[in-house]
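Step one of this worksheet: look at the structure below.
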Amino acid sequence: MTNSPTILVFDSGLGGLTVLREVVAARPDAHYVYVADDAFFPYGHHSEDEIIARVVPLMGELIGTHDPDLVVIACNTASTLVLSHLRAAYSVPFVGTVPAIKPACAQSRTRRVSVLGTKGTVKREYTKALIRDFAQGCEVTLVGSPELASLAEAELGGAPISDEAIRAELTPCFVGDAEDAGTRTDTVVLACTHYPLLLDRLKRLAPWPVDWIDPAPAIARRVSDLLGPRIGGIAQDRAEMIFTSNRMHGLSTMLMPFFGGRALA
């Protein structure tokens with residue numbers, strides 16, 4: 001491995017930037033390639049077979065072009081569906097993003113946890129298996145949000161998003177008596193990497209305070225562990241950002257904080 005390892009971060013859109021931000025903080029020595037598969041966004045509008053048929057060959061092209069030392073699949077939908085296929089097809093290490101049900105249930109005091117994800121993620125057998133294995137007696141409510149990922153993407157692009165639109169997606173996560181803190185939902189798993197983009201608004205619009213579980217810090221620790229100790233200093237090269245639609249995004253200044261202040265090539 002060179003002094004500056006290459007990390008490729010892949011998502012259906014811009015939600016994976018919330019994972020990228022944590023990985024960059026943990027490994028500022030790396031060169032970053034961020035790929036948004038916006039030509040196929042949102043993944044929730046496609047069947048499981050279509051997503052697998054899309055992502056597996058696309059990842060082969062990206063690996064061939066960028067030769068990454070490690071790939072982060074910063075998307076719950078893709079991870080729960082495609083990760084095993086990618087690991088079977090390619091030798092590069094993959095780090096996935098899956099609903100953080102185990103830590104959420106381990107820390108819940110009221111034993112009521114909600115998982116807020118896309119419709120596809122919450123209905124997937126992978127997610128249900130995580131609940132069977134790690135719920136630890138918690139009552140887990142699965143909430144499939146039809147629009148929150150698109151709302152997060154739109155807000156990042158500067159579009160005005162109403163509180164009412166966000167609240168409609170969020171409200172089903174809150175189970176129990178609002179007046180009884182000992183029995184109501186106390187932990188919400190953000191099972192889509194787009195959702196932390198709206199975290200400040202989610203906190204403000206929540207009917208009562210809860211712990212919000214974002215898997216990004218744990219993903220960053222896993223990436224750093226797999227890469228091993230840092231050899232070089234902070235990488236000075238520009239990060240690369242690729243949209244599969246080849247559109248001009250015009251968001252460079254807005255997105256630089258996610259890349260640790262790096263300019264985008």
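Identifiers in this document derive from the order of the structure tokens: chains are assigned A, B, ..., residues are numbered from 1 separately in each chain, and ligands are numbered from 1 in order of occurrence.
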
Enumerate the residues of stretch 118-229 of chain A with a DSSP assignment of strand (DSSP E or B), computed from the backbone, and present them as a list in words. Thr118, Glu139, Val140, Thr141, Leu142, Val143, Gly144, Ser145, Thr187, Val188, Val189, Leu190, Ala191, Asp211, Trp212 and Ile213 of chain A

Please produce an output containing N, CA, C and O atoms for each residue in the selection, written as a short mmCIF file (atom, residue, chain, number, x, y, z; two decimals), in the first residue's frame.
```cif
data_model
loop_
_atom_site.label_atom_id
_atom_site.label_comp_id
_atom_site.auth_asym_id
_atom_site.auth_seq_id
_atom_site.Cartn_x
_atom_site.Cartn_y
_atom_site.Cartn_z
N THR A 118 -35.32 3.41 4.40
CA THR A 118 -36.13 3.40 3.19
C THR A 118 -37.09 2.22 3.26
O THR A 118 -36.90 1.29 4.05
N GLU A 139 -38.62 -3.93 21.84
CA GLU A 139 -39.67 -3.79 20.84
C GLU A 139 -39.13 -2.88 19.75
O GLU A 139 -38.87 -1.70 19.99
N VAL A 140 -38.96 -3.42 18.54
CA VAL A 140 -38.36 -2.67 17.44
C VAL A 140 -39.43 -2.32 16.42
O VAL A 140 -40.09 -3.21 15.86
N THR A 141 -39.62 -1.05 16.18
CA THR A 141 -40.58 -0.56 15.19
C THR A 141 -39.84 -0.20 13.91
O THR A 141 -38.91 0.61 13.93
N LEU A 142 -40.25 -0.83 12.80
CA LEU A 142 -39.64 -0.54 11.50
C LEU A 142 -40.47 0.52 10.78
O LEU A 142 -41.68 0.35 10.60
N VAL A 143 -39.83 1.59 10.39
CA VAL A 143 -40.51 2.69 9.72
C VAL A 143 -39.88 2.89 8.35
O VAL A 143 -38.72 3.31 8.23
N GLY A 144 -40.65 2.58 7.31
CA GLY A 144 -40.17 2.76 5.94
C GLY A 144 -40.58 4.12 5.41
O GLY A 144 -41.76 4.37 5.17
N SER A 145 -39.62 4.99 5.25
CA SER A 145 -39.89 6.35 4.80
C SER A 145 -39.84 6.42 3.28
O SER A 145 -38.82 6.09 2.68
N THR A 187 -34.85 5.57 21.36
CA THR A 187 -33.71 5.43 20.44
C THR A 187 -34.22 5.25 19.02
O THR A 187 -35.11 4.44 18.78
N VAL A 188 -33.66 6.03 18.08
CA VAL A 188 -34.03 5.91 16.67
C VAL A 188 -32.76 5.63 15.86
O VAL A 188 -31.79 6.39 15.91
N VAL A 189 -32.78 4.54 15.11
CA VAL A 189 -31.69 4.17 14.22
C VAL A 189 -31.89 4.85 12.88
O VAL A 189 -32.94 4.70 12.25
N LEU A 190 -30.90 5.61 12.44
CA LEU A 190 -30.94 6.22 11.11
C LEU A 190 -30.38 5.21 10.11
O LEU A 190 -29.17 5.08 9.94
N ALA A 191 -31.28 4.47 9.46
CA ALA A 191 -30.89 3.37 8.61
C ALA A 191 -30.84 3.76 7.14
O ALA A 191 -31.12 2.96 6.24
N ASP A 211 -32.28 9.28 21.50
CA ASP A 211 -30.91 9.09 20.99
C ASP A 211 -31.00 8.70 19.53
O ASP A 211 -31.74 7.78 19.17
N TRP A 212 -30.24 9.39 18.70
CA TRP A 212 -30.21 9.11 17.26
C TRP A 212 -28.93 8.33 16.96
O TRP A 212 -27.84 8.79 17.27
N ILE A 213 -29.07 7.15 16.34
CA ILE A 213 -27.92 6.29 16.09
C ILE A 213 -27.50 6.40 14.63
O ILE A 213 -28.22 5.97 13.72
#
```

Please identify all polymer residues within 9 Å of stretch 21-31 of chain A, counting only C-alpha atoms, omitting same-chain residues fewer than 4 positions from it, and present them as number ranges by chain. A: 3-8, 16-17, 216-221, 223-224, 230-240, 257-260

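Between atom CA of A:Leu170 and atom CA of A:Ala206 there is a distance of 7.4 Å.
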
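Here the question is which of A:Tyr195, A:Phe174, A:Tyr43, A:Phe134 gets nearest to A:Gly120 using only C-alpha atoms, and that residue is A:Tyr43.
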
Just list as an MDAnalysis selection string whatever in stretch 18-125 of chain A DSSP marks as alpha helix (DSSP H). chainID A and resid 18:26 48:66 76:89 101:107 119:123 125

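We find atom CA of A:Tyr126 and atom CA of A:Ile52 to be spaced 14.9 Å apart.
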
All residues 7 Å or closer to A:Ala100, only C-alpha atoms, same chain fewer than 2 positions away omitted, as a ChimeraX atom specification: /A:98,102-104,189,213,215

Based on the selection just made, write N, CA, C and O atoms of those residues as a PDB file, in the first residue's frame.
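Printed below is again-v1.pdb as written:
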```pdb
ATOM      1  N   VAL A  98     -24.969  -1.030   7.424  1.00  0.00           N
ATOM      2  CA  VAL A  98     -26.203  -1.753   7.725  1.00  0.00           C
ATOM      3  C   VAL A  98     -26.849  -1.129   8.955  1.00  0.00           C
ATOM      4  O   VAL A  98     -26.185  -0.452   9.743  1.00  0.00           O
ATOM      5  N   LYS A 102     -28.013  -3.486  16.626  1.00  0.00           N
ATOM      6  CA  LYS A 102     -27.355  -4.058  17.807  1.00  0.00           C
ATOM      7  C   LYS A 102     -26.973  -2.994  18.837  1.00  0.00           C
ATOM      8  O   LYS A 102     -27.363  -3.098  20.016  1.00  0.00           O
ATOM      9  N   PRO A 103     -26.237  -1.941  18.462  1.00  0.00           N
ATOM     10  CA  PRO A 103     -25.896  -0.936  19.481  1.00  0.00           C
ATOM     11  C   PRO A 103     -27.109  -0.173  19.988  1.00  0.00           C
ATOM     12  O   PRO A 103     -27.160   0.216  21.161  1.00  0.00           O
ATOM     13  N   ALA A 104     -28.095   0.029  19.127  1.00  0.00           N
ATOM     14  CA  ALA A 104     -29.292   0.757  19.558  1.00  0.00           C
ATOM     15  C   ALA A 104     -30.038  -0.011  20.640  1.00  0.00           C
ATOM     16  O   ALA A 104     -30.437   0.561  21.672  1.00  0.00           O
ATOM     17  N   VAL A 189     -32.781   4.541  15.113  1.00  0.00           N
ATOM     18  CA  VAL A 189     -31.686   4.173  14.225  1.00  0.00           C
ATOM     19  C   VAL A 189     -31.888   4.855  12.876  1.00  0.00           C
ATOM     20  O   VAL A 189     -32.940   4.699  12.249  1.00  0.00           O
ATOM     21  N   ILE A 213     -29.066   7.151  16.340  1.00  0.00           N
ATOM     22  CA  ILE A 213     -27.916   6.290  16.090  1.00  0.00           C
ATOM     23  C   ILE A 213     -27.500   6.398  14.629  1.00  0.00           C
ATOM     24  O   ILE A 213     -28.218   5.973  13.717  1.00  0.00           O
ATOM     25  N   PRO A 215     -24.553   5.272  12.048  1.00  0.00           N
ATOM     26  CA  PRO A 215     -23.470   4.281  11.988  1.00  0.00           C
ATOM     27  C   PRO A 215     -22.146   4.815  11.465  1.00  0.00           C
ATOM     28  O   PRO A 215     -21.135   4.115  11.513  1.00  0.00           O
TER      29      PRO A 215
END
```

Would you tabulate, counting only C-alpha atoms, all residues of stretch 86-177 of chain A that have an atom at most 10 Å from an atom of stretch 67-70 of chain A, showing the closest pair of atoms and their distance in Å to one decimal, sorted by chain then ascending number, as a Markdown table?
```
| residue | atom | partner | partner_atom | distance |
| --- | --- | --- | --- | --- |
| A:Ser91 | CA | A:Leu70 | CA | 9.7 |
| A:Val92 | CA | A:Leu70 | CA | 5.9 |
| A:Pro93 | CA | A:Leu70 | CA | 5.1 |
| A:Phe94 | CA | A:Leu70 | CA | 6.1 |
| A:Val95 | CA | A:Leu70 | CA | 7.8 |
```

Test item: residues at most 9 Å from stretch 175-181 of chain A, only C-alpha atoms, excluding those fewer than 4 positions along its chain, as an mmCIF file with N, CA and C atoms, in the first residue's frame:
```
data_model
loop_
_atom_site.group_PDB
_atom_site.id
_atom_site.type_symbol
_atom_site.label_atom_id
_atom_site.label_comp_id
_atom_site.auth_asym_id
_atom_site.auth_seq_id
_atom_site.Cartn_x
_atom_site.Cartn_y
_atom_site.Cartn_z
ATOM 1 N N THR A 110 -35.666 2.187 27.649
ATOM 2 C CA THR A 110 -37.095 1.873 27.689
ATOM 3 C C THR A 110 -37.417 0.601 26.919
ATOM 4 N N ARG A 112 -37.643 0.350 23.773
ATOM 5 C CA ARG A 112 -38.406 0.677 22.567
ATOM 6 C C ARG A 112 -37.498 1.406 21.592
ATOM 7 N N VAL A 113 -37.242 0.774 20.470
ATOM 8 C CA VAL A 113 -36.317 1.286 19.455
ATOM 9 C C VAL A 113 -37.060 1.358 18.123
ATOM 10 N N SER A 114 -36.825 2.417 17.376
ATOM 11 C CA SER A 114 -37.359 2.510 16.018
ATOM 12 C C SER A 114 -36.226 2.546 15.007
ATOM 13 N N THR A 141 -39.616 -1.046 16.181
ATOM 14 C CA THR A 141 -40.575 -0.562 15.190
ATOM 15 C C THR A 141 -39.839 -0.204 13.908
ATOM 16 N N THR A 171 -42.808 11.027 12.216
ATOM 17 C CA THR A 171 -43.759 10.770 13.307
ATOM 18 C C THR A 171 -43.954 9.286 13.637
ATOM 19 N N THR A 185 -40.602 5.361 23.005
ATOM 20 C CA THR A 185 -39.389 5.225 22.190
ATOM 21 C C THR A 185 -38.294 6.148 22.719
ATOM 22 N N ASP A 186 -37.098 5.582 22.903
ATOM 23 C CA ASP A 186 -35.985 6.436 23.348
ATOM 24 C C ASP A 186 -34.784 6.403 22.416
ATOM 25 N N PRO A 207 -41.165 14.729 18.622
ATOM 26 C CA PRO A 207 -42.112 15.061 19.690
ATOM 27 C C PRO A 207 -41.522 14.951 21.088
ATOM 28 N N TRP A 208 -40.434 14.215 21.230
ATOM 29 C CA TRP A 208 -39.688 14.176 22.487
ATOM 30 C C TRP A 208 -38.244 13.782 22.188
#
```

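With atom CA of A:Val122 on one side and atom CA of A:Ile51 on the other, the separation reads 16.1 Å.
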
Could you give me, as a VMD selection string, the residues within 8 Å of stretch 57-64 of chain A, counting only C-alpha atoms and dropping anything in the same chain fewer than 4 positions from it? chain A and resid 53 68 86 90

Excluding A:Ser252 and its own-chain neighbours fewer than 2 positions away, which residues fall within 12 Å of it when counting only C-alpha atoms? Please give them as a ChimeraX atom specification. /A:156-157,238-242,248-250,254-259,261-265

Output N, CA and C atoms for every residue in the selection just made, as a short mmCIF file (atom, residue, chain, number, x, y, z; two decimals), in the first residue's frame.
```cif
data_model
loop_
_atom_site.label_atom_id
_atom_site.label_comp_id
_atom_site.auth_asym_id
_atom_site.auth_seq_id
_atom_site.Cartn_x
_atom_site.Cartn_y
_atom_site.Cartn_z
N LEU A 156 -29.95 19.57 0.63
CA LEU A 156 -28.51 19.78 0.43
C LEU A 156 -28.26 20.59 -0.83
N GLY A 157 -29.11 20.42 -1.82
CA GLY A 157 -28.98 21.17 -3.06
C GLY A 157 -29.56 22.57 -3.00
N ARG A 238 -6.44 16.77 -4.53
CA ARG A 238 -7.88 17.02 -4.62
C ARG A 238 -8.65 15.71 -4.55
N ALA A 239 -9.81 15.77 -3.91
CA ALA A 239 -10.71 14.61 -3.92
C ALA A 239 -11.45 14.57 -5.25
N GLU A 240 -11.89 13.38 -5.60
CA GLU A 240 -12.66 13.22 -6.84
C GLU A 240 -14.12 12.96 -6.50
N MET A 241 -15.01 13.58 -7.24
CA MET A 241 -16.44 13.33 -7.07
C MET A 241 -17.03 13.00 -8.42
N ILE A 242 -17.70 11.88 -8.49
CA ILE A 242 -18.21 11.37 -9.76
C ILE A 242 -19.71 11.14 -9.65
N MET A 248 -23.42 18.10 -14.20
CA MET A 248 -22.62 19.07 -13.48
C MET A 248 -23.37 19.43 -12.20
N HIS A 249 -22.74 19.16 -11.06
CA HIS A 249 -23.49 19.30 -9.82
C HIS A 249 -23.45 20.71 -9.26
N GLY A 250 -22.39 21.47 -9.49
CA GLY A 250 -22.33 22.84 -9.02
C GLY A 250 -22.36 23.00 -7.52
N MET A 254 -20.13 23.84 -1.34
CA MET A 254 -21.02 23.31 -0.31
C MET A 254 -20.54 21.94 0.19
N LEU A 255 -19.93 21.16 -0.69
CA LEU A 255 -19.56 19.80 -0.33
C LEU A 255 -18.16 19.68 0.27
N MET A 256 -17.35 20.71 0.14
CA MET A 256 -15.97 20.62 0.64
C MET A 256 -15.85 20.23 2.10
N PRO A 257 -16.74 20.70 3.00
CA PRO A 257 -16.60 20.27 4.40
C PRO A 257 -16.71 18.75 4.59
N PHE A 258 -17.48 18.09 3.74
CA PHE A 258 -17.59 16.64 3.85
C PHE A 258 -16.27 15.95 3.47
N PHE A 259 -15.48 16.63 2.67
CA PHE A 259 -14.18 16.09 2.23
C PHE A 259 -13.03 16.63 3.09
N GLY A 261 -12.43 19.67 3.84
CA GLY A 261 -11.90 20.94 3.31
C GLY A 261 -11.15 20.79 2.01
N ARG A 262 -11.01 19.56 1.51
CA ARG A 262 -10.31 19.38 0.24
C ARG A 262 -11.10 20.00 -0.91
N ALA A 263 -10.37 20.53 -1.87
CA ALA A 263 -11.00 20.95 -3.11
C ALA A 263 -11.37 19.71 -3.91
N LEU A 264 -12.41 19.84 -4.74
CA LEU A 264 -12.86 18.72 -5.55
C LEU A 264 -12.32 18.86 -6.96
N ALA A 265 -11.79 17.75 -7.45
CA ALA A 265 -11.27 17.74 -8.81
C ALA A 265 -12.40 17.82 -9.81
#
```
